[in-house]
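For reference, the structure discussed in these notes is given below.
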Amino acid sequence: MILYNIPLSGNCHKVRLMLRFLGLDYQIYDLDLGMTEQLSEDFLKLNPFGQAPVINDQGVMVRDSQAILVYLAKKYGGEQWWSEDPIVLAKIISWLSTAANELQNGPARLRLHHKMGRPIDVKHATDTTTKLLNIIDRHLANRQWLVADKLSIADIAIYPYLALAHEGQVNLSPYQNISAWLARFESLPNYISMPGINV
């Protein structure tokens with residue numbers, strides 16, 4: 001298996017975490033952003049959107065971090081990662097949607113602005129972040145994990161950009177339930193960090 005990767009991408013880190021938790025062997029191919037390799041003709045054949053991560057699993061190409069988590073969970077994981085219970089599965093999918101929407105448009109966008117200098121609508125991203133953090137913090141008030149009180153791909157999908165929130169000048173200290181959840185996640189066996197995550 002090959003992971004087409006960007007080391008500073010939270011979305012790529014989701015996939016690295018999942019591969020590590022599943023104990024799968026894989027190779028990493030780091031895209032050269034300085035050469036805009038993600039927009040090269042060869043890479044656009046793998047993902048026409050020009051985005052990482054992408055995995056090549058013995059010829060099966062999967063793009064998008066959420067889709068890759070689903071693929072790996074269904075093919076290589078067990079009930080912990082991908083439930084066959086329709087209610088639990090719907091809850092997992094709802095958090096994957098949150099990762100692709102509110103998380104991406106809130107904390108991830110603020111990080112893109114403050115760390116990498118991209119122009120954004122700061123007020124919209126800040127408002128989105130505040131709403132999201134309040135929702136997640138309340139959700140975690142009486143549970144260890146996001147879904148069904150066990151680690152799942154929902155947690156992996158949400159984790160990186162919350163752990164990197166400080167790079168977007170987001171203060172997580174008022175959100176004690178989120179902080180406790182991050183600590184639980186980071187104490188998991190086989191956990192790996194990435195640049196910017198202060199463990």
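To be explicit about the labels: the chains of the structure tokens are called A, B, and onward in the order shown, and within each one the residues are counted from 1, while ligands get numbers from 1 in the order they are shown.
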
Per-residue DSSP, region 6-114 of chain A, filtered to strand (DSSP E or B), as a ChimeraX atom specification | /A:27-30,54-57,60-63

Write out as a ChimeraX atom specification each polymer residue whose atoms come within 10 Å of Ala73 (chain A), counting only C-alpha atoms; drop sequence neighbours fewer than 2 positions from it.
-> /A:18-19,22,67-71,75-83,152-153

With N, CA and C atoms retained, export the selected residues as a PDB file, in the first residue's frame.
```pdb
ATOM      1  N   MET A  18      -4.816   5.907  11.192  1.00  0.00           N
ATOM      2  CA  MET A  18      -5.622   4.712  10.957  1.00  0.00           C
ATOM      3  C   MET A  18      -4.740   3.537  10.533  1.00  0.00           C
ATOM      4  N   LEU A  19      -3.808   3.788   9.643  1.00  0.00           N
ATOM      5  CA  LEU A  19      -2.907   2.729   9.205  1.00  0.00           C
ATOM      6  C   LEU A  19      -2.098   2.181  10.379  1.00  0.00           C
ATOM      7  N   LEU A  22      -4.305   0.092  12.761  1.00  0.00           N
ATOM      8  CA  LEU A  22      -4.641  -1.210  12.170  1.00  0.00           C
ATOM      9  C   LEU A  22      -3.411  -2.096  11.997  1.00  0.00           C
ATOM     10  N   ALA A  67     -13.141   9.131   3.052  1.00  0.00           N
ATOM     11  CA  ALA A  67     -13.374   7.915   2.257  1.00  0.00           C
ATOM     12  C   ALA A  67     -12.317   6.865   2.544  1.00  0.00           C
ATOM     13  N   ILE A  68     -11.069   7.305   2.725  1.00  0.00           N
ATOM     14  CA  ILE A  68      -9.999   6.348   3.023  1.00  0.00           C
ATOM     15  C   ILE A  68     -10.222   5.699   4.386  1.00  0.00           C
ATOM     16  N   LEU A  69     -10.651   6.486   5.380  1.00  0.00           N
ATOM     17  CA  LEU A  69     -10.952   5.911   6.691  1.00  0.00           C
ATOM     18  C   LEU A  69     -12.031   4.838   6.580  1.00  0.00           C
ATOM     19  N   VAL A  70     -13.068   5.122   5.810  1.00  0.00           N
ATOM     20  CA  VAL A  70     -14.151   4.147   5.615  1.00  0.00           C
ATOM     21  C   VAL A  70     -13.619   2.885   4.944  1.00  0.00           C
ATOM     22  N   TYR A  71     -12.842   3.071   3.898  1.00  0.00           N
ATOM     23  CA  TYR A  71     -12.291   1.933   3.162  1.00  0.00           C
ATOM     24  C   TYR A  71     -11.431   1.056   4.066  1.00  0.00           C
ATOM     25  N   LYS A  75     -12.438  -2.709   5.169  1.00  0.00           N
ATOM     26  CA  LYS A  75     -11.643  -3.804   4.605  1.00  0.00           C
ATOM     27  C   LYS A  75     -10.744  -4.471   5.634  1.00  0.00           C
ATOM     28  N   TYR A  76     -10.145  -3.675   6.529  1.00  0.00           N
ATOM     29  CA  TYR A  76      -9.115  -4.216   7.414  1.00  0.00           C
ATOM     30  C   TYR A  76      -9.467  -4.150   8.897  1.00  0.00           C
ATOM     31  N   GLY A  77     -10.471  -3.371   9.247  1.00  0.00           N
ATOM     32  CA  GLY A  77     -10.817  -3.195  10.646  1.00  0.00           C
ATOM     33  C   GLY A  77     -11.899  -4.164  11.082  1.00  0.00           C
ATOM     34  N   GLY A  78     -12.410  -3.910  12.265  1.00  0.00           N
ATOM     35  CA  GLY A  78     -13.483  -4.744  12.795  1.00  0.00           C
ATOM     36  C   GLY A  78     -14.645  -3.880  13.218  1.00  0.00           C
ATOM     37  N   GLU A  79     -15.495  -4.447  14.043  1.00  0.00           N
ATOM     38  CA  GLU A  79     -16.704  -3.770  14.507  1.00  0.00           C
ATOM     39  C   GLU A  79     -16.381  -2.461  15.234  1.00  0.00           C
ATOM     40  N   GLN A  80     -15.203  -2.406  15.863  1.00  0.00           N
ATOM     41  CA  GLN A  80     -14.823  -1.186  16.578  1.00  0.00           C
ATOM     42  C   GLN A  80     -14.806   0.020  15.641  1.00  0.00           C
ATOM     43  N   TRP A  81     -14.321  -0.194  14.436  1.00  0.00           N
ATOM     44  CA  TRP A  81     -14.094   0.924  13.531  1.00  0.00           C
ATOM     45  C   TRP A  81     -15.292   1.222  12.650  1.00  0.00           C
ATOM     46  N   TRP A  82     -16.009   0.172  12.263  1.00  0.00           N
ATOM     47  CA  TRP A  82     -17.081   0.320  11.278  1.00  0.00           C
ATOM     48  C   TRP A  82     -18.242  -0.587  11.690  1.00  0.00           C
ATOM     49  N   SER A  83     -19.223  -0.007  12.336  1.00  0.00           N
ATOM     50  CA  SER A  83     -20.312  -0.811  12.889  1.00  0.00           C
ATOM     51  C   SER A  83     -21.296  -1.230  11.806  1.00  0.00           C
ATOM     52  N   SER A 152     -13.532   5.017  17.367  1.00  0.00           N
ATOM     53  CA  SER A 152     -13.954   4.654  16.016  1.00  0.00           C
ATOM     54  C   SER A 152     -13.320   5.623  15.030  1.00  0.00           C
ATOM     55  N   ILE A 153     -13.619   5.436  13.751  1.00  0.00           N
ATOM     56  CA  ILE A 153     -13.081   6.363  12.758  1.00  0.00           C
ATOM     57  C   ILE A 153     -13.670   7.756  12.930  1.00  0.00           C
TER      58      ILE A 153
END
```

Rounded to one decimal in Å, what is the spacing between CA of Asp25 (chain A) and CA of Met1 (chain A)?
->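 Pair CA of Asp25 (chain A) / CA of Met1 (chain A) returns 7.0 Å.
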
Quick one: everything within 8 Å of region 128-137 of chain A, counting only C-alpha atoms, minus sequence neighbours fewer than 5 positions away in the same chain. Send it as a list in words.
-> Glu102, Leu103, Asn105, Gly106, Pro107, Tyr175, Gln176, Asn177 and Ile178 of chain A

Okay, now the selection with N, CA and C atoms, as a PDB file, in the first residue's frame?
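For reference, out-v8.pdb as written:
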```pdb
ATOM      1  N   GLU A 102     -17.824  21.481   9.088  1.00  0.00           N
ATOM      2  CA  GLU A 102     -17.537  22.466  10.133  1.00  0.00           C
ATOM      3  C   GLU A 102     -16.071  22.473  10.572  1.00  0.00           C
ATOM      4  N   LEU A 103     -15.483  21.289  10.708  1.00  0.00           N
ATOM      5  CA  LEU A 103     -14.082  21.229  11.140  1.00  0.00           C
ATOM      6  C   LEU A 103     -13.160  21.846  10.086  1.00  0.00           C
ATOM      7  N   ASN A 105     -14.027  24.035   7.764  1.00  0.00           N
ATOM      8  CA  ASN A 105     -14.326  25.457   7.572  1.00  0.00           C
ATOM      9  C   ASN A 105     -14.103  26.305   8.818  1.00  0.00           C
ATOM     10  N   GLY A 106     -13.775  25.638   9.940  1.00  0.00           N
ATOM     11  CA  GLY A 106     -13.511  26.346  11.179  1.00  0.00           C
ATOM     12  C   GLY A 106     -12.040  26.247  11.559  1.00  0.00           C
ATOM     13  N   PRO A 107     -11.688  25.314  12.453  1.00  0.00           N
ATOM     14  CA  PRO A 107     -10.298  25.216  12.927  1.00  0.00           C
ATOM     15  C   PRO A 107      -9.269  25.010  11.820  1.00  0.00           C
ATOM     16  N   TYR A 175     -12.455  24.362  26.995  1.00  0.00           N
ATOM     17  CA  TYR A 175     -13.214  23.167  26.595  1.00  0.00           C
ATOM     18  C   TYR A 175     -12.596  21.941  27.258  1.00  0.00           C
ATOM     19  N   GLN A 176     -12.937  21.739  28.517  1.00  0.00           N
ATOM     20  CA  GLN A 176     -12.278  20.708  29.311  1.00  0.00           C
ATOM     21  C   GLN A 176     -12.579  19.296  28.808  1.00  0.00           C
ATOM     22  N   ASN A 177     -13.770  19.077  28.291  1.00  0.00           N
ATOM     23  CA  ASN A 177     -14.109  17.736  27.791  1.00  0.00           C
ATOM     24  C   ASN A 177     -13.335  17.411  26.523  1.00  0.00           C
ATOM     25  N   ILE A 178     -13.146  18.408  25.673  1.00  0.00           N
ATOM     26  CA  ILE A 178     -12.329  18.200  24.478  1.00  0.00           C
ATOM     27  C   ILE A 178     -10.883  17.946  24.876  1.00  0.00           C
TER      28      ILE A 178
END
```

Could you give me, as a PyMOL selection string, the residues within 12 Å of Ala180 (chain A), counting only C-alpha atoms and dropping anything in the same chain fewer than 4 positions from it?
-> chain A and resi 136-137+140-145+163+172-176+184-187

Expected answer as a VMD selection string: helix (DSSP H, G or I) residues in chain A = chain A and resid 10 to 22 33 to 35 37 to 39 41 to 46 65 to 76 86 to 100 102 to 105 107 to 116 122 to 142 153 to 163 165 to 168 176 to 186

Considering only C-alpha atoms, tabulate each residue of region 50-105 of chain A that lies at most 8 Å from region 35-40 of chain A along with its nearest interatomic pair and the corresponding distance in Å to one decimal; arrange the rows by chain and ascending residue number and present them as a Markdown table.
```
| residue | atom | partner | partner_atom | distance |
| --- | --- | --- | --- | --- |
| A:Gly50 | CA | A:Gln38 | CA | 5.1 |
| A:Gln51 | CA | A:Gln38 | CA | 6.2 |
| A:Ala52 | CA | A:Gln38 | CA | 7.4 |
```

Selected residue, from A:Leu182, A:Ile192, A:Leu72, A:Ile92, that lies nearest to Arg16 (chain A) when counting only C-alpha atoms = A:Ile192
